Amino acid sequence: MSLALPFVASIIAGAIGRKFSRAAMIITSISFAPLFVYASYLLSLGEVYLVPLGSLPRPIGMVYLISDGLSNAFGLAIALVGIALEIASYPYMKHRFHVLELPEQFDVYYLLFTLCAASMELLIYAYNLLLMYIALEVSLITPVILIYYYGYDTQGKTRRWIALLYFVYGMLASTLFLIGAVMVALENNTMDLATIRSISLIAWALMFIGLLIKLPSFGPHVWIPWVHGSHPTPVAALISGLVGLMAYVLARLYIISPYFINEFRLPILVYAIIGGIIISLGVIRHQYHYKWLLAYSTAANSTYLLIGLALVLMEYLG
């Protein structure tokens, strides 16, 4: 129920935001509070729960939400960030609409922004590969639209060009993840992570590469400075959290089928360490453009996530 509230709030904000913008801000902010309380409480209990949403025809299978220490830790953080950014968005976007000489389109903004944050929460609690894919797509399309209409032109590129760049990279990543997920479904006759027992090498590799693009790791990271430089600041702050969620999905896949990362642990660690050093040099190059500086810092930190993921999960499984 608490997971559904932000989705409902986004629809309400879309309906009333044009005339009652402050009310839309209050409703969307409050909608994340029950999830914050829920995640905090269950995190303290340390229990694991699977919540069935229903069954779909094979090879999709059962659709579950999972509540455990891993999901609730991330869920708590995103809910807290969501509350803060919903509130911070109001004065920021009020000024942004004025600069763009647009009417105050808080209906569109809060609809898309809240959908993005809610889809991030859905991604955390989803325990079915199809549900994960849907959450990935919503969390891509909503910020793309926000860049297109309300973003900034930066480094000689228009916000519309940057929105297209983000869309292409995001769709490539999501498509690779989907192909891998479909392969897993055909191999196991289900997309239900509670039932899947094995992930083939090719399926693992496709999902791994797709998630590395979104992480973003060294190489695919080229999209992130453009996107962060063009996004309205609250949106950039929100999708910075999306970076960590790619590591979360990798952790979920690893717990089910650890052999891929175990087999290629050393190349992954070397790639992440060298990539992190190279990306960090971009911070020096762009130190006078604070949004690009933060973007390179985010990309560098994502390589640390990859390093930590490999080392911590190795310890996790002994």
# chains A, B, ... in the order shown; residues from 1 in each chain; ligands from 1
call {"tool": "residues_around", "arguments": {"residues": "Thr195 in chain A", "least_positions_apart": "3", "cutoff": "9 Å", "atoms": "only C-alpha atoms", "output": "CSV table (one decimal) with C-alpha atoms, in the first residue's frame"}}
result
chain,number,residue,atom,x,y,z
A,61,GLY,CA,5.3,-16.4,-13.5
A,62,MET,CA,4.5,-15.0,-10.0
A,188,ASN,CA,13.8,-21.1,-16.1
A,190,THR,CA,9.7,-17.9,-15.1
A,191,MET,CA,10.9,-14.3,-14.4
A,192,ASP,CA,10.1,-14.7,-10.7
call {"tool": "closest_atom_pairs", "arguments": {"of": "range 76-138 of chain A", "to": "range 160-178 of chain A", "cutoff": "9 Å", "atoms": "only C-alpha atoms", "output": "JSON lines"}}
result
{"residue": "A:Leu129", "atom": "CA", "partner": "A:Leu178", "partner_atom": "CA", "distance": 8.3}
{"residue": "A:Leu130", "atom": "CA", "partner": "A:Leu178", "partner_atom": "CA", "distance": 8.0}
{"residue": "A:Tyr133", "atom": "CA", "partner": "A:Leu178", "partner_atom": "CA", "distance": 6.6}
{"residue": "A:Leu136", "atom": "CA", "partner": "A:Ser174", "partner_atom": "CA", "distance": 6.9}
{"residue": "A:Glu137", "atom": "CA", "partner": "A:Ser174", "partner_atom": "CA", "distance": 7.0}
call {"tool": "write_last_selection", "arguments": {"atoms": "N, CA, C and O atoms", "output": "PDB file, in the first residue's frame"}}
result
ATOM      1  N   LEU A 129      11.701 -10.051 -12.824  1.00  0.00           N
ATOM      2  CA  LEU A 129      12.515  -9.340 -13.812  1.00  0.00           C
ATOM      3  C   LEU A 129      11.675  -8.432 -14.693  1.00  0.00           C
ATOM      4  O   LEU A 129      12.129  -7.358 -15.105  1.00  0.00           O
ATOM      5  N   LEU A 130      10.434  -8.830 -15.007  1.00  0.00           N
ATOM      6  CA  LEU A 130       9.574  -7.968 -15.831  1.00  0.00           C
ATOM      7  C   LEU A 130       9.216  -6.699 -15.085  1.00  0.00           C
ATOM      8  O   LEU A 130       9.243  -5.603 -15.656  1.00  0.00           O
ATOM      9  N   TYR A 133      12.123  -4.404 -15.121  1.00  0.00           N
ATOM     10  CA  TYR A 133      12.279  -3.752 -16.423  1.00  0.00           C
ATOM     11  C   TYR A 133      11.304  -2.584 -16.574  1.00  0.00           C
ATOM     12  O   TYR A 133      11.682  -1.504 -17.059  1.00  0.00           O
ATOM     13  N   LEU A 136      12.594   0.279 -14.625  1.00  0.00           N
ATOM     14  CA  LEU A 136      13.729   0.883 -15.318  1.00  0.00           C
ATOM     15  C   LEU A 136      13.259   1.813 -16.431  1.00  0.00           C
ATOM     16  O   LEU A 136      13.810   2.908 -16.620  1.00  0.00           O
ATOM     17  N   GLU A 137      12.258   1.391 -17.183  1.00  0.00           N
ATOM     18  CA  GLU A 137      11.764   2.197 -18.299  1.00  0.00           C
ATOM     19  C   GLU A 137      11.099   3.485 -17.819  1.00  0.00           C
ATOM     20  O   GLU A 137      11.331   4.559 -18.387  1.00  0.00           O
TER      21      GLU A 137
END
call {"tool": "atom_distance", "arguments": {"atom1": "CA of Ala15 in chain A", "atom2": "CA of Val138 in chain A"}}
result
19.3 Å
call {"tool": "select_by_dssp", "arguments": {"residues": "range 189-273 of chain A", "states": "alpha helix (DSSP H)", "output": "PyMOL selection string"}}
result
chain A and resi 201-214+223-230+233-256+259-263+265-273
call {"tool": "residues_around", "arguments": {"residues": "range 1-9 of chain A", "least_positions_apart": "5", "cutoff": "12 Å", "atoms": "only C-alpha atoms", "output": "short mmCIF file (atom, residue, chain, number, x, y, z; two decimals) with C-alpha atoms, in the first residue's frame"}}
result
data_model
loop_
_atom_site.label_atom_id
_atom_site.label_comp_id
_atom_site.auth_asym_id
_atom_site.auth_seq_id
_atom_site.Cartn_x
_atom_site.Cartn_y
_atom_site.Cartn_z
CA GLY A 14 -0.97 16.00 -12.43
CA ALA A 15 -4.67 16.81 -12.04
CA ILE A 16 -4.41 19.73 -9.60
CA GLY A 17 -0.85 21.01 -10.01
CA ALA A 23 -0.98 21.49 -2.60
CA ALA A 24 0.60 19.27 -5.25
CA MET A 25 3.97 19.73 -3.57
CA ILE A 26 2.53 18.84 -0.14
CA ILE A 27 0.68 15.76 -1.44
CA THR A 28 3.67 14.36 -3.32
CA SER A 29 6.01 14.99 -0.39
CA ILE A 30 3.72 13.33 2.15
CA SER A 31 3.17 10.33 -0.14
CA PHE A 32 6.71 9.08 0.55
CA ALA A 33 6.40 9.36 4.34
CA PRO A 34 4.56 6.03 4.92
CA LEU A 35 7.18 4.23 2.84
CA PHE A 36 9.93 5.83 4.92
CA VAL A 37 8.25 4.68 8.16
CA TYR A 38 7.57 1.21 6.72
CA ALA A 39 11.14 0.73 5.55
CA VAL A 51 4.38 -9.99 -1.03
CA LEU A 53 0.92 -9.27 -6.44
CA LEU A 65 7.59 -7.57 -3.97
CA ILE A 66 10.42 -8.32 -1.57
CA SER A 67 10.99 -6.75 1.83
CA ASN A 72 14.46 -1.60 2.96
CA GLY A 75 13.86 2.10 0.11
CA LEU A 76 14.37 4.20 3.22
CA ILE A 78 15.05 6.94 -1.64
CA ALA A 79 11.93 7.84 0.37
CA GLY A 82 12.12 11.92 -2.41
CA ILE A 83 10.53 13.92 0.41
CA GLU A 86 9.70 17.22 -3.72
CA ASP A 107 1.05 19.61 -12.94
CA TYR A 110 5.20 16.90 -10.27
CA LEU A 111 3.52 14.16 -12.28
CA LEU A 112 6.79 13.22 -14.00
CA PHE A 113 9.12 13.87 -11.07
CA THR A 114 7.03 11.83 -8.62
CA LEU A 115 6.60 9.01 -11.15
CA CYS A 116 10.38 8.87 -11.50
CA ALA A 117 10.93 8.66 -7.74
CA ALA A 118 8.10 6.13 -7.34
CA SER A 119 9.52 3.93 -10.12
CA MET A 120 12.86 3.92 -8.29
CA GLU A 121 11.07 2.58 -5.21
CA LEU A 122 9.32 -0.01 -7.38
CA LEU A 123 12.67 -1.11 -8.78
CA ILE A 124 13.97 -1.64 -5.25
CA TYR A 125 11.07 -3.79 -4.09
CA ALA A 126 10.37 -5.63 -7.36
CA ALA A 135 10.51 0.32 -13.35
CA VAL A 138 9.61 4.59 -16.26
#
call {"tool": "residues_around", "arguments": {"residues": "Val222 in chain A", "least_positions_apart": "2", "cutoff": "12 Å", "atoms": "only C-alpha atoms", "output": "list of chain:residue names"}}
result
A:Ile162, A:Leu165, A:Tyr166, A:Tyr169, A:Ile213, A:Lys214, A:Leu215, A:Pro216, A:Ser217, A:Phe218, A:Gly219, A:Pro220, A:Ile224, A:Pro225, A:Trp226, A:Val227, A:His228, A:Gly229, A:Ile279, A:Gly282, A:Trp292, A:Ala295, A:Tyr296, A:Thr298, A:Ala299, A:Ala300
call {"tool": "write_last_selection", "arguments": {"atoms": "N, CA, C and O atoms", "output": "compact mmCIF listing (two decimals), in the first residue's frame"}}
result
# COMPACT_ATOMS: atom_id res chain seq x y z
N ILE A 162 20.39 16.76 -25.70
CA ILE A 162 20.85 16.01 -24.53
C ILE A 162 19.79 15.00 -24.09
O ILE A 162 20.10 13.87 -23.69
N LEU A 165 20.14 12.11 -26.34
CA LEU A 165 21.33 11.34 -25.97
C LEU A 165 21.02 10.42 -24.78
O LEU A 165 21.37 9.23 -24.80
N TYR A 166 20.40 10.97 -23.77
CA TYR A 166 20.04 10.19 -22.58
C TYR A 166 19.09 9.05 -22.94
O TYR A 166 19.25 7.91 -22.47
N TYR A 169 21.05 6.17 -24.84
CA TYR A 169 21.87 5.37 -23.92
C TYR A 169 20.98 4.55 -22.98
O TYR A 169 21.25 3.37 -22.72
N ILE A 213 25.97 0.33 -18.25
CA ILE A 213 25.69 1.56 -19.00
C ILE A 213 24.91 2.53 -18.12
O ILE A 213 25.17 3.73 -18.09
N LYS A 214 23.96 2.01 -17.38
CA LYS A 214 23.14 2.86 -16.52
C LYS A 214 23.87 3.24 -15.23
O LYS A 214 23.51 4.21 -14.58
N LEU A 215 24.91 2.46 -14.86
CA LEU A 215 25.55 2.69 -13.57
C LEU A 215 26.08 4.12 -13.40
O LEU A 215 25.82 4.70 -12.32
N PRO A 216 26.80 4.81 -14.25
CA PRO A 216 27.46 4.35 -15.46
C PRO A 216 28.93 4.06 -15.15
O PRO A 216 29.57 4.77 -14.39
N SER A 217 29.48 3.02 -15.74
CA SER A 217 30.87 2.68 -15.54
C SER A 217 31.73 3.38 -16.58
O SER A 217 31.23 4.11 -17.45
N PHE A 218 33.03 3.18 -16.51
CA PHE A 218 33.95 3.83 -17.43
C PHE A 218 33.66 3.41 -18.87
O PHE A 218 33.51 2.24 -19.18
N GLY A 219 33.59 4.39 -19.76
CA GLY A 219 33.24 4.14 -21.16
C GLY A 219 31.83 4.65 -21.41
O GLY A 219 31.65 5.73 -22.00
N PRO A 220 30.82 3.92 -20.93
CA PRO A 220 29.45 4.42 -21.06
C PRO A 220 29.17 5.68 -20.24
O PRO A 220 28.11 6.29 -20.39
N ILE A 224 26.65 10.88 -18.67
CA ILE A 224 26.23 11.46 -17.40
C ILE A 224 26.57 12.95 -17.24
O ILE A 224 25.75 13.70 -16.71
N PRO A 225 27.74 13.45 -17.69
CA PRO A 225 27.97 14.90 -17.53
C PRO A 225 27.00 15.74 -18.36
O PRO A 225 26.57 16.81 -17.90
N TRP A 226 26.67 15.27 -19.57
CA TRP A 226 25.70 16.01 -20.37
C TRP A 226 24.34 16.06 -19.69
O TRP A 226 23.69 17.11 -19.63
N VAL A 227 23.91 14.91 -19.18
CA VAL A 227 22.59 14.83 -18.57
C VAL A 227 22.53 15.63 -17.28
O VAL A 227 21.59 16.41 -17.05
N HIS A 228 23.54 15.48 -16.42
CA HIS A 228 23.54 16.24 -15.17
C HIS A 228 23.69 17.74 -15.43
O HIS A 228 23.14 18.56 -14.70
N GLY A 229 24.42 18.08 -16.47
CA GLY A 229 24.59 19.49 -16.79
C GLY A 229 23.34 20.13 -17.33
O GLY A 229 23.19 21.35 -17.28
N ILE A 279 38.14 8.43 -14.80
CA ILE A 279 36.97 9.32 -14.68
C ILE A 279 37.24 10.44 -13.68
O ILE A 279 36.83 11.59 -13.89
N GLY A 282 38.50 13.70 -14.84
CA GLY A 282 37.53 14.63 -15.42
C GLY A 282 37.07 15.68 -14.45
O GLY A 282 36.65 16.77 -14.84
N TRP A 292 28.98 19.62 -14.10
CA TRP A 292 29.81 18.60 -14.73
C TRP A 292 30.76 17.98 -13.72
O TRP A 292 31.03 16.78 -13.76
N ALA A 295 28.86 15.53 -11.85
CA ALA A 295 28.56 14.38 -12.70
C ALA A 295 29.74 13.43 -12.77
O ALA A 295 29.59 12.21 -12.65
N TYR A 296 30.94 13.98 -12.96
CA TYR A 296 32.13 13.13 -13.00
C TYR A 296 32.38 12.49 -11.64
O TYR A 296 32.83 11.34 -11.55
N THR A 298 30.01 11.63 -9.54
CA THR A 298 29.02 10.56 -9.47
C THR A 298 29.49 9.34 -10.25
O THR A 298 29.38 8.20 -9.78
N ALA A 299 30.01 9.57 -11.48
CA ALA A 299 30.49 8.46 -12.30
C ALA A 299 31.67 7.75 -11.63
O ALA A 299 31.77 6.52 -11.65
N ALA A 300 32.58 8.52 -11.03
CA ALA A 300 33.71 7.93 -10.33
C ALA A 300 33.24 7.10 -9.14
O ALA A 300 33.73 5.99 -8.90
call {"tool": "residues_around", "arguments": {"residues": "Ser280 in chain A", "least_positions_apart": "3", "cutoff": "10 Å", "atoms": "only C-alpha atoms", "output": "number ranges by chain"}}
result
A: 274-277, 283-285, 293, 296-301
call {"tool": "write_last_selection", "arguments": {"atoms": "C-alpha atoms", "output": "short mmCIF file (atom, residue, chain, number, x, y, z; two decimals), in the first residue's frame"}}
result
data_model
loop_
_atom_site.label_atom_id
_atom_site.label_comp_id
_atom_site.auth_asym_id
_atom_site.auth_seq_id
_atom_site.Cartn_x
_atom_site.Cartn_y
_atom_site.Cartn_z
CA ILE A 274 41.38 1.91 -13.66
CA GLY A 275 38.08 3.38 -14.87
CA GLY A 276 37.54 5.16 -11.56
CA ILE A 277 40.97 6.79 -11.76
CA VAL A 283 36.78 16.34 -12.13
CA ILE A 284 39.98 18.35 -12.55
CA ARG A 285 39.19 19.22 -16.15
CA LEU A 293 32.15 18.30 -11.76
CA TYR A 296 32.13 13.13 -13.00
CA SER A 297 32.21 12.65 -9.25
CA THR A 298 29.02 10.56 -9.47
CA ALA A 299 30.49 8.46 -12.30
CA ALA A 300 33.71 7.93 -10.33
CA ASN A 301 31.74 6.89 -7.26
#
call {"tool": "residues_around", "arguments": {"residues": "Phe97 in chain A", "least_positions_apart": "2", "cutoff": "12 Å", "atoms": "only C-alpha atoms", "output": "PyMOL selection string"}}
result
chain A and resi 89-95+99-106+108-109+149-152+232
call {"tool": "residues_around", "arguments": {"residues": "Leu269 in chain A", "least_positions_apart": "3", "cutoff": "9 Å", "atoms": "only C-alpha atoms", "output": "PDB file with N, CA, C and O atoms, in the first residue's frame"}}
result
ATOM      1  N   PHE A 264      34.529 -13.709 -13.181  1.00  0.00           N
ATOM      2  CA  PHE A 264      35.204 -12.563 -13.799  1.00  0.00           C
ATOM      3  C   PHE A 264      35.530 -11.474 -12.780  1.00  0.00           C
ATOM      4  O   PHE A 264      35.645 -10.304 -13.129  1.00  0.00           O
ATOM      5  N   ARG A 265      35.700 -11.874 -11.533  1.00  0.00           N
ATOM      6  CA  ARG A 265      35.909 -10.899 -10.458  1.00  0.00           C
ATOM      7  C   ARG A 265      37.149 -10.040 -10.695  1.00  0.00           C
ATOM      8  O   ARG A 265      37.109  -8.818 -10.566  1.00  0.00           O
ATOM      9  N   LEU A 266      38.262 -10.660 -11.048  1.00  0.00           N
ATOM     10  CA  LEU A 266      39.505  -9.913 -11.224  1.00  0.00           C
ATOM     11  C   LEU A 266      39.415  -8.917 -12.381  1.00  0.00           C
ATOM     12  O   LEU A 266      39.760  -7.730 -12.194  1.00  0.00           O
ATOM     13  N   ALA A 272      37.142  -1.611 -12.977  1.00  0.00           N
ATOM     14  CA  ALA A 272      36.526  -0.592 -12.113  1.00  0.00           C
ATOM     15  C   ALA A 272      37.579   0.343 -11.519  1.00  0.00           C
ATOM     16  O   ALA A 272      37.372   1.568 -11.468  1.00  0.00           O
ATOM     17  N   ILE A 273      38.707  -0.194 -11.077  1.00  0.00           N
ATOM     18  CA  ILE A 273      39.750   0.635 -10.452  1.00  0.00           C
ATOM     19  C   ILE A 273      40.371   1.595 -11.471  1.00  0.00           C
ATOM     20  O   ILE A 273      40.475   2.794 -11.226  1.00  0.00           O
ATOM     21  N   ILE A 274      40.767   1.057 -12.622  1.00  0.00           N
ATOM     22  CA  ILE A 274      41.377   1.913 -13.657  1.00  0.00           C
ATOM     23  C   ILE A 274      40.362   2.927 -14.173  1.00  0.00           C
ATOM     24  O   ILE A 274      40.674   4.114 -14.343  1.00  0.00           O
ATOM     25  N   LEU A 306      30.995  -0.566  -7.929  1.00  0.00           N
ATOM     26  CA  LEU A 306      31.293  -1.819  -8.618  1.00  0.00           C
ATOM     27  C   LEU A 306      32.392  -2.591  -7.881  1.00  0.00           C
ATOM     28  O   LEU A 306      32.307  -3.809  -7.712  1.00  0.00           O
ATOM     29  N   ILE A 307      33.402  -1.856  -7.429  1.00  0.00           N
ATOM     30  CA  ILE A 307      34.474  -2.489  -6.651  1.00  0.00           C
ATOM     31  C   ILE A 307      33.916  -3.063  -5.347  1.00  0.00           C
ATOM     32  O   ILE A 307      34.152  -4.232  -4.997  1.00  0.00           O
ATOM     33  N   ALA A 310      31.689  -6.232  -5.794  1.00  0.00           N
ATOM     34  CA  ALA A 310      32.420  -7.483  -5.996  1.00  0.00           C
ATOM     35  C   ALA A 310      33.043  -7.973  -4.691  1.00  0.00           C
ATOM     36  O   ALA A 310      32.941  -9.153  -4.332  1.00  0.00           O
ATOM     37  N   LEU A 311      33.685  -7.078  -3.949  1.00  0.00           N
ATOM     38  CA  LEU A 311      34.402  -7.486  -2.745  1.00  0.00           C
ATOM     39  C   LEU A 311      33.454  -7.835  -1.603  1.00  0.00           C
ATOM     40  O   LEU A 311      33.625  -8.848  -0.928  1.00  0.00           O
TER      41      LEU A 311
END
call {"tool": "atom_distance", "arguments": {"atom1": "CA of Lys291 in chain A", "atom2": "CA of Asp153 in chain A"}}
result
12.5 Å
call {"tool": "select_by_dssp", "arguments": {"residues": "range 74-273 of chain A", "states": "strand (DSSP E or B)", "output": "JSON, numbers by chain"}}
result
{"A": [126, 128, 154, 157, 192]}
call {"tool": "closest_residue", "arguments": {"among": "A:Val81, A:Ile278, A:Ala194, A:Met183", "to": "Tyr49 in chain A", "atoms": "only C-alpha atoms"}}
result
A:Ala194
call {"tool": "atom_distance", "arguments": {"atom1": "CA of Leu70 in chain A", "atom2": "CA of Glu47 in chain A"}}
result
10.7 Å
call {"tool": "closest_residue", "arguments": {"among": "A:Tyr304, A:Tyr127, A:Tyr271, A:Tyr148", "to": "Leu253 in chain A", "atoms": "only C-alpha atoms"}}
result
A:Tyr127
call {"tool": "closest_residue", "arguments": {"among": "A:Leu146, A:Met132, A:Leu294, A:Ile239", "to": "Arg96 in chain A", "atoms": "only C-alpha atoms"}}
result
A:Leu146
call {"tool": "closest_atom_pairs", "arguments": {"of": "range 182-221 of chain A", "to": "range 254-261 of chain A", "cutoff": "10 Å", "atoms": "only C-alpha atoms", "output": "tab-separated table"}}
result
residue	atom	partner	partner_atom	distance
A:Leu193	CA	A:Ile256	CA	7.6
A:Ala194	CA	A:Ile256	CA	8.6
A:Thr195	CA	A:Ile256	CA	9.4
A:Ile196	CA	A:Ile256	CA	7.4
A:Arg197	CA	A:Ile256	CA	6.7
A:Ser198	CA	A:Ser257	CA	5.7
A:Ile199	CA	A:Ser257	CA	6.1
A:Ser200	CA	A:Phe260	CA	8.7
A:Leu201	CA	A:Phe260	CA	6.8
A:Ile202	CA	A:Phe260	CA	9.8
A:Trp204	CA	A:Phe260	CA	6.8
A:Ala205	CA	A:Phe260	CA	7.9
A:Phe208	CA	A:Phe260	CA	9.4
